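A.B. asks: What follows is a single structure, and I will ask about it in a moment.
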Amino acid sequence: MNNIKKFQKIFFEICFSIFAVFLLSFGIIRADDDPSYSINKLNINCKIEKDGSLQLTRTVTYKFSDDAHGLTYQQELPKDNSKYSIQKVEIANGNGHFQNVTKSNSHKNNTYSVSDNDLPDVFLIKTYHKVKSDQQVTIRYVFTMVDAITNYRDAARLNYKVIGFDTDVPQKNVNITFDFGKKNLKLLKAWVHADVNLQKQVSAHNGTVNIKVKKLPANDDVEADILFPTSITSQNPNVSKRKIIQSTINLEKKIIRDNQIRLFKKYLLIPLIIILYAVIRLIIGIVKIKKYNILSMPEIPHNFEIPNISVGTADAFFAQMDSKSFWGKSVDKNHAFTGQLLQLHNQKKISIKHEQNDYVISIINNELVKEGNIFDILFNTVGDGKQFTIGKLKELVEENDKDFAKKITNALTTWFDDYTQPVEKEDVNAKANFLFINNYFYLIGTFIILGIWWFFNQSWSIFSLALITFIIALLTLNIYRNKVPFNSNGLTEYLKIAGFKKMLLEIGNFKESKFNDLILWKDILPFAVGFNISKEVLKKLKQSFTEAELLQTFNADDYFYFYDDNYFDDEFSSDFDSFSSTASNSDNSSSSDDNDSFSSGDSGGFGGDSGDGAF
């Protein structure tokens, strides 16, 4: 069980680290100095000129969440050092009336500058226009690029990423129109590449191609590959003697085929593998339950027999049952040890006395003390070799000695291991225990994978597949829900202990039960302490018996059970809780040192490094 608990801890630490790095990375990406904004509308009109140039009118509507100094637009050119000209830049501040922005390098408000951004194949328009938070701004760019179109023997071709990769926010309500300036075209074929659902309308009658995208994710592009008659660009100097129609059709077919494979891998292959694996695990789980004789938990009966075992052993059985649950809390070793001390007191192996608002614990059976064990530390380090006091323990707690806290906490763990190991060896079905934990790891791992997958590929199809997978994983978990990690002997013993605890919690009046003899309670109360239910039991015990009856049965040395203000269980266990907390903080601090269709794809068009922005 200890190896399983260690593995759980390592698994949690790895998952937490991945999650923290993921969130931190996401935070770093967003925690820049650029203003926060959204692009709510984008209209692009591309007019094809006779000389093969492309005149573009881009109208972009921003909504700002921060104050901003201005807007930017970067355009990649068809070739290095291709010529371009900017006709005008206009801005409308929510009223719909556009005003010209003056070209200037003065950086004054309502001016724009143009630079090549130190690259031979791009130009950057930087518009200086102060914007307030929650303000909507629309900017219109009108510019012309040459070298955009090539005339081949059988057709002219425009291969253009009309929206490039360089926009860092999603763009909504995108409308793109290519206008060829003539109607009733004999040839007009258009392919659109984008990794989103879109609407495309190719009208040879009107001589237009229209593309609509409801929402384009950040840093995604839209590429158009269009064939049309060479008569449209009859004055184009970019001429090639080879034919282009069939090779373009072949290329686009390949892109569509490759894209179908890519989409299958991205959206179907992984979920199919995960779902198949989930189904296989479900089947294997059902088979292994029978193969390894994994037992089911019957209803726990009330048990009125005091367990004929030590408190530590009883808690070791609960620890094994807790280990079945990935999220189940572990047995409280501090209360287990406190209950064990009370049991040793009843056995006359130690003595516990309440003296002057303090507790004195004395050793009677020296065989308990072995070098380095918990008793050695308590009696020989905390105490004088014969006895120690709760008061001295509190002093050590207040000193906040991390080394000592770690020493005593490790010794307590070793003490509890001495009880859990025999139970693991003799009473546990090792295969069952492994399957429980392994299945929880699988469930959490599946949840993490599906969560990350959904985060980066948000769509209802992915969500549906992820939900199906998670439901199958939950079904796999459910087949183990009522199973136990014990063999038949272990289950019999566990039912006795669990039934005894159930009885202590559920019996309303002890005087009217089989435990009406107060003498028995000296042997019962250590188990109540070890099970960490002593407060509930003592409350009902005081309600069931009078003060006189309790005094008559418990002598002065045993009456420490009933002190309200400084009850031994609270005093001793709280000190050990403090040591555990100090040791845990010590660990944490040291570790911090340590076709006529559309598809996604790429047909080689220019314009990929284009994009809108703000500063």
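Going through the structure tokens in order, the chains are called A, B, and so on, while each chain numbers its residues from 1 and the ligands are numbered from 1 in the order shown.
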Neighbouring residues of stretch 381-388 of chain A were defined as those with any atom within 10 Å, considering only C-alpha atoms; residues of the same chain fewer than 2 positions away were excluded. Please report them as a ChimeraX atom specification.
C.D. replies: /A:350-352,359-364,366,369,375-379,390-393,395-396,404
A.B. asks: Would you pick out the contacts of A:Leu495 at 12 Å or less, using only C-alpha atoms, so that residues sharing its chain but fewer than 6 positions from it are not included, and give the list as a list of chain:residue names?
C.D. replies: A:Ser296, A:Met297, A:Pro298, A:Glu299, A:Ile300, A:Pro301, A:His302, A:Asn303, A:Phe304, A:Glu305, A:Pro307, A:Ala314, A:Phe317, A:Phe318, A:Met321, A:Val484, A:Phe486, A:Ser488, A:Asn489, A:Lys501, A:Lys502, A:Met503
A.B. asks: Export N, CA and C atoms of the chosen residues as a short mmCIF file (atom, residue, chain, number, x, y, z; two decimals), in the first residue's frame?
C.D. replies:
data_model
loop_
_atom_site.label_atom_id
_atom_site.label_comp_id
_atom_site.auth_asym_id
_atom_site.auth_seq_id
_atom_site.Cartn_x
_atom_site.Cartn_y
_atom_site.Cartn_z
N SER A 296 -17.23 -8.60 -3.56
CA SER A 296 -18.11 -7.46 -3.40
C SER A 296 -18.34 -7.18 -1.93
N MET A 297 -18.62 -5.92 -1.62
CA MET A 297 -18.88 -5.53 -0.24
C MET A 297 -20.34 -5.79 0.13
N PRO A 298 -20.58 -6.67 1.09
CA PRO A 298 -21.97 -6.86 1.55
C PRO A 298 -22.36 -5.72 2.48
N GLU A 299 -23.59 -5.72 2.91
CA GLU A 299 -24.02 -4.71 3.87
C GLU A 299 -23.29 -4.95 5.20
N ILE A 300 -22.76 -3.87 5.76
CA ILE A 300 -22.01 -4.00 7.01
C ILE A 300 -22.98 -4.12 8.17
N PRO A 301 -22.92 -5.21 8.94
CA PRO A 301 -23.84 -5.39 10.07
C PRO A 301 -23.30 -4.69 11.32
N HIS A 302 -24.17 -4.43 12.28
CA HIS A 302 -23.69 -3.96 13.58
C HIS A 302 -22.95 -5.09 14.29
N ASN A 303 -21.80 -4.77 14.83
CA ASN A 303 -21.01 -5.77 15.54
C ASN A 303 -20.79 -5.30 16.98
N PHE A 304 -21.24 -6.06 17.94
CA PHE A 304 -21.11 -5.68 19.35
C PHE A 304 -19.91 -6.35 20.02
N GLU A 305 -19.09 -7.05 19.24
CA GLU A 305 -17.90 -7.67 19.81
C GLU A 305 -16.71 -6.74 19.65
N PRO A 307 -13.14 -5.75 18.92
CA PRO A 307 -12.12 -6.44 18.11
C PRO A 307 -10.98 -6.97 18.98
N ALA A 314 -6.50 -2.53 13.47
CA ALA A 314 -7.84 -2.16 13.03
C ALA A 314 -7.78 -1.01 12.02
N PHE A 317 -6.65 -2.01 8.51
CA PHE A 317 -7.72 -2.51 7.64
C PHE A 317 -8.46 -1.37 6.97
N PHE A 318 -8.77 -0.30 7.75
CA PHE A 318 -9.42 0.86 7.15
C PHE A 318 -8.53 1.53 6.11
N MET A 321 -8.84 -0.27 2.89
CA MET A 321 -10.10 0.05 2.23
C MET A 321 -10.04 1.45 1.63
N VAL A 484 -14.06 -4.87 -3.03
CA VAL A 484 -13.15 -4.64 -1.90
C VAL A 484 -11.76 -5.17 -2.25
N PHE A 486 -9.90 -6.93 -0.33
CA PHE A 486 -9.54 -8.01 0.58
C PHE A 486 -9.80 -9.40 -0.03
N SER A 488 -10.96 -13.40 1.17
CA SER A 488 -12.12 -13.80 1.98
C SER A 488 -11.84 -13.63 3.47
N ASN A 489 -10.65 -14.01 3.92
CA ASN A 489 -10.32 -13.85 5.34
C ASN A 489 -10.27 -12.37 5.72
N LYS A 501 -17.34 -0.20 14.31
CA LYS A 501 -17.35 1.26 14.16
C LYS A 501 -18.76 1.75 13.85
N LYS A 502 -19.48 1.03 12.98
CA LYS A 502 -20.84 1.40 12.62
C LYS A 502 -21.74 1.39 13.85
N MET A 503 -21.54 0.38 14.69
CA MET A 503 -22.33 0.28 15.90
C MET A 503 -22.09 1.49 16.80
#
A.B. asks: Let me make sure I understand: among A:Lys63, A:Arg140, A:Lys406, A:Lys511, which one has the smallest atom-to-atom distance to A:Phe98 if we use only C-alpha atoms?
C.D. replies: A:Arg140
A.B. asks: In stretch 298-458 of chain A, what's helix (DSSP H, G or I) per DSSP? Answer as an MDAnalysis selection string?
C.D. replies: chainID A and resid 311:323 333:346 366:368 374:382 390:399 402:427 430:456
A.B. asks: Could I get the residues of stretch 192-280 of chain A with an atom no further than 12 Å from an atom of stretch 285-290 of chain A, each paired with its nearest atom pair and that distance in Å to one decimal, using only C-alpha atoms, sorted by chain and residue number, as CSV?
C.D. replies:
residue,atom,partner,partner_atom,distance
A:Tyr277,CA,A:Gly285,CA,11.9
A:Ala278,CA,A:Gly285,CA,10.4
A:Val279,CA,A:Gly285,CA,9.7
A:Ile280,CA,A:Gly285,CA,8.4
A.B. asks: Extract, using only C-alpha atoms, all DNA, RNA and protein residues at most 10 Å from stretch 43-51 of chain A, discarding same-chain residues fewer than 2 positions from it, and format them as a PyMOL selection string.
C.D. replies: chain A and resi 41+53-61+140-142+144+146-149+158+162-163+173-181+208-212+230-238
A.B. asks: Between atom CA of A:Val311 and atom CA of A:Asn532, what is the distance, to one decimal in Å?
C.D. replies: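 These two atoms are separated by 11.3 Å.
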A.B. asks: Choose the residue, out of A:Ala473, A:Ala498, A:Leu77, A:Val89, that has the smallest atom-to-atom separation from A:Asp116; count only C-alpha atoms.
C.D. replies: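 Among A:Ala473, A:Ala498, A:Leu77, A:Val89, it is A:Leu77 that comes nearest to A:Asp116.
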A.B. asks: Choose the residue, out of A:Leu188, A:Ile39, A:Ile479, A:Leu295, that has the smallest atom-to-atom separation from A:Asp168; count only C-alpha atoms.
C.D. replies: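 Selected residue with least distance to A:Asp168: A:Ile39.
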A.B. asks: Can you pull out every residue within 10 Å of A:Val213, counting only C-alpha atoms, but drop anything in the same chain fewer than 5 positions away, and send it as a CSV table (one decimal) with C-alpha atoms, in the first residue's frame?
C.D. replies:
chain,number,residue,atom,x,y,z
A,42,LEU,CA,-13.9,42.0,-41.3
A,171,GLN,CA,-11.9,37.4,-36.2
A,172,LYS,CA,-15.7,37.3,-36.4
A,173,ASN,CA,-18.1,37.9,-39.3
A,174,VAL,CA,-15.6,37.6,-42.1
A,175,ASN,CA,-16.8,38.4,-45.6
A,176,ILE,CA,-14.4,38.1,-48.5
A,194,ALA,CA,-9.2,27.2,-44.1
A,196,VAL,CA,-12.9,26.2,-40.2
A,197,ASN,CA,-16.4,25.8,-41.6
A,198,LEU,CA,-17.2,28.4,-44.2
A,199,GLN,CA,-19.6,29.3,-46.9
A,200,LYS,CA,-18.3,29.7,-50.5
A,222,VAL,CA,-7.8,31.7,-45.3
A.B. asks: Separation of atom CA of A:Thr582 and atom CA of A:Lys402, in Å?
C.D. replies: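 Between these atoms lies a distance of 5.9 Å.
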A.B. asks: Based on the backbone DSSP call, show me all residues of stretch 4-233 of chain A assigned strand (DSSP E or B), as an NGL selection string.
C.D. replies: :A and (37-48 or 54-64 or 68-76 or 84-92 or 99-100 or 102-103 or 111-115 or 122-131 or 136-145 or 149-151 or 156-163 or 171-179 or 189-193 or 199-203 or 208-216 or 222-228)
A.B. asks: How would the residues just chosen look if you wrote them out with C-alpha atoms as a compact mmCIF listing (two decimals), in the first residue's frame?
C.D. replies:
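Output contents, as saved in out.txt:
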# COMPACT_ATOMS: atom_id res chain seq x y z
CA TYR A 37 -9.39 43.92 -28.15
CA SER A 38 -11.61 41.83 -30.41
CA ILE A 39 -12.25 41.95 -34.15
CA ASN A 40 -16.00 41.77 -34.61
CA LYS A 41 -16.24 42.34 -38.36
CA LEU A 42 -13.90 42.02 -41.32
CA ASN A 43 -14.82 42.83 -44.93
CA ILE A 44 -12.26 42.29 -47.69
CA ASN A 45 -12.97 43.25 -51.30
CA CYS A 46 -10.38 42.09 -53.82
CA LYS A 47 -10.67 43.68 -57.23
CA ILE A 48 -8.67 42.08 -60.05
CA LEU A 54 -4.84 43.28 -56.94
CA GLN A 55 -6.67 46.19 -55.37
CA LEU A 56 -7.83 45.45 -51.87
CA THR A 57 -10.24 47.25 -49.63
CA ARG A 58 -10.01 45.88 -46.07
CA THR A 59 -12.52 47.15 -43.52
CA VAL A 60 -11.89 46.00 -39.94
CA THR A 61 -14.07 46.70 -36.90
CA TYR A 62 -12.35 46.54 -33.52
CA LYS A 63 -13.87 46.54 -30.04
CA PHE A 64 -11.36 47.54 -27.35
CA ALA A 68 -4.90 51.90 -27.17
CA HIS A 69 -2.55 54.16 -29.12
CA GLY A 70 -3.41 52.87 -32.58
CA LEU A 71 -3.84 50.05 -35.07
CA THR A 72 -1.54 48.01 -37.27
CA TYR A 73 -1.82 45.97 -40.43
CA GLN A 74 0.94 43.90 -41.97
CA GLN A 75 0.70 42.62 -45.55
CA GLU A 76 2.93 40.02 -47.11
CA TYR A 84 2.62 48.23 -53.91
CA SER A 85 0.78 51.49 -53.34
CA ILE A 86 -1.50 52.64 -50.54
CA GLN A 87 -4.37 54.79 -51.79
CA LYS A 88 -5.89 55.72 -48.44
CA VAL A 89 -6.43 54.85 -44.80
CA GLU A 90 -9.74 55.85 -43.21
CA ILE A 91 -11.13 55.58 -39.68
CA ALA A 92 -14.69 55.69 -38.30
CA GLN A 99 -12.36 60.24 -42.18
CA ASN A 100 -9.06 60.17 -44.04
CA THR A 102 -2.84 61.53 -43.13
CA LYS A 103 0.38 59.77 -44.03
CA THR A 111 -1.64 59.83 -38.94
CA TYR A 112 -0.21 56.64 -40.41
CA SER A 113 3.24 55.49 -41.43
CA VAL A 114 4.41 52.70 -43.72
CA SER A 115 7.52 50.58 -43.30
CA VAL A 122 6.12 42.72 -46.30
CA PHE A 123 4.89 46.21 -45.58
CA LEU A 124 3.49 47.44 -42.30
CA ILE A 125 0.87 50.17 -41.90
CA LYS A 126 0.91 51.71 -38.45
CA THR A 127 -2.02 54.05 -37.75
CA TYR A 128 -1.79 56.37 -34.77
CA HIS A 129 -5.27 56.82 -33.37
CA LYS A 130 -6.01 57.01 -29.65
CA VAL A 131 -8.78 54.71 -28.50
CA GLN A 136 -15.50 50.57 -31.17
CA VAL A 137 -13.31 51.62 -34.10
CA THR A 138 -13.53 50.75 -37.79
CA ILE A 139 -10.51 51.20 -40.05
CA ARG A 140 -10.41 50.89 -43.83
CA TYR A 141 -7.26 50.23 -45.87
CA VAL A 142 -7.23 50.64 -49.65
CA PHE A 143 -4.04 49.47 -51.37
CA THR A 144 -2.81 47.79 -54.54
CA MET A 145 -0.26 44.99 -55.01
CA ILE A 149 -1.55 37.01 -60.60
CA THR A 150 0.17 34.89 -63.24
CA ASN A 151 -1.24 34.34 -66.74
CA ALA A 156 -4.88 32.99 -65.03
CA ARG A 157 -4.26 32.02 -61.44
CA LEU A 158 -4.56 33.92 -58.17
CA ASN A 159 -3.17 31.98 -55.22
CA TYR A 160 -3.47 34.23 -52.20
CA LYS A 161 -3.78 33.90 -48.45
CA VAL A 162 -6.30 36.70 -48.23
CA ILE A 163 -6.14 36.43 -44.44
CA GLN A 171 -11.91 37.37 -36.23
CA LYS A 172 -15.70 37.27 -36.41
CA ASN A 173 -18.14 37.86 -39.28
CA VAL A 174 -15.57 37.64 -42.06
CA ASN A 175 -16.78 38.44 -45.58
CA ILE A 176 -14.37 38.15 -48.53
CA THR A 177 -15.26 39.01 -52.13
CA PHE A 178 -13.18 38.60 -55.28
CA ASP A 179 -14.48 40.79 -58.09
CA LYS A 189 -12.88 27.66 -60.43
CA ALA A 190 -12.09 28.42 -56.81
CA TRP A 191 -10.72 26.42 -53.93
CA VAL A 192 -10.63 27.82 -50.41
CA HIS A 193 -8.34 26.48 -47.72
CA GLN A 199 -19.59 29.33 -46.94
CA LYS A 200 -18.29 29.74 -50.49
CA GLN A 201 -20.22 30.99 -53.50
CA VAL A 202 -18.65 30.92 -56.98
CA SER A 203 -20.70 32.84 -59.56
CA THR A 208 -17.43 36.93 -58.31
CA VAL A 209 -16.24 34.56 -55.60
CA ASN A 210 -17.60 35.15 -52.12
CA ILE A 211 -16.36 33.56 -48.89
CA LYS A 212 -18.02 33.92 -45.51
CA VAL A 213 -16.59 32.77 -42.17
CA LYS A 214 -18.55 33.19 -38.96
CA LYS A 215 -15.51 32.91 -36.70
CA LEU A 216 -11.87 32.46 -37.61
CA VAL A 222 -7.84 31.73 -45.27
CA GLU A 223 -6.30 30.92 -48.65
CA ALA A 224 -7.99 31.22 -52.05
CA ASP A 225 -6.72 29.43 -55.16
CA ILE A 226 -8.69 30.75 -58.17
CA LEU A 227 -8.52 30.02 -61.91
CA PHE A 228 -10.18 32.44 -64.34
A.B. asks: Pick the closest to A:Thr167 from A:Gly52, A:Pro217, A:Gly207, A:Gly372: which is it, counting only C-alpha atoms?
C.D. replies: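 Closest to A:Thr167, using only C-alpha atoms: A:Pro217.
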A.B. asks: One decimal, Å: what's the distance from atom CA of A:Asn105 over to atom CA of A:Asp134, could you say?
C.D. replies: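 Atom CA of A:Asp134 lies 27.9 Å from atom CA of A:Asn105.
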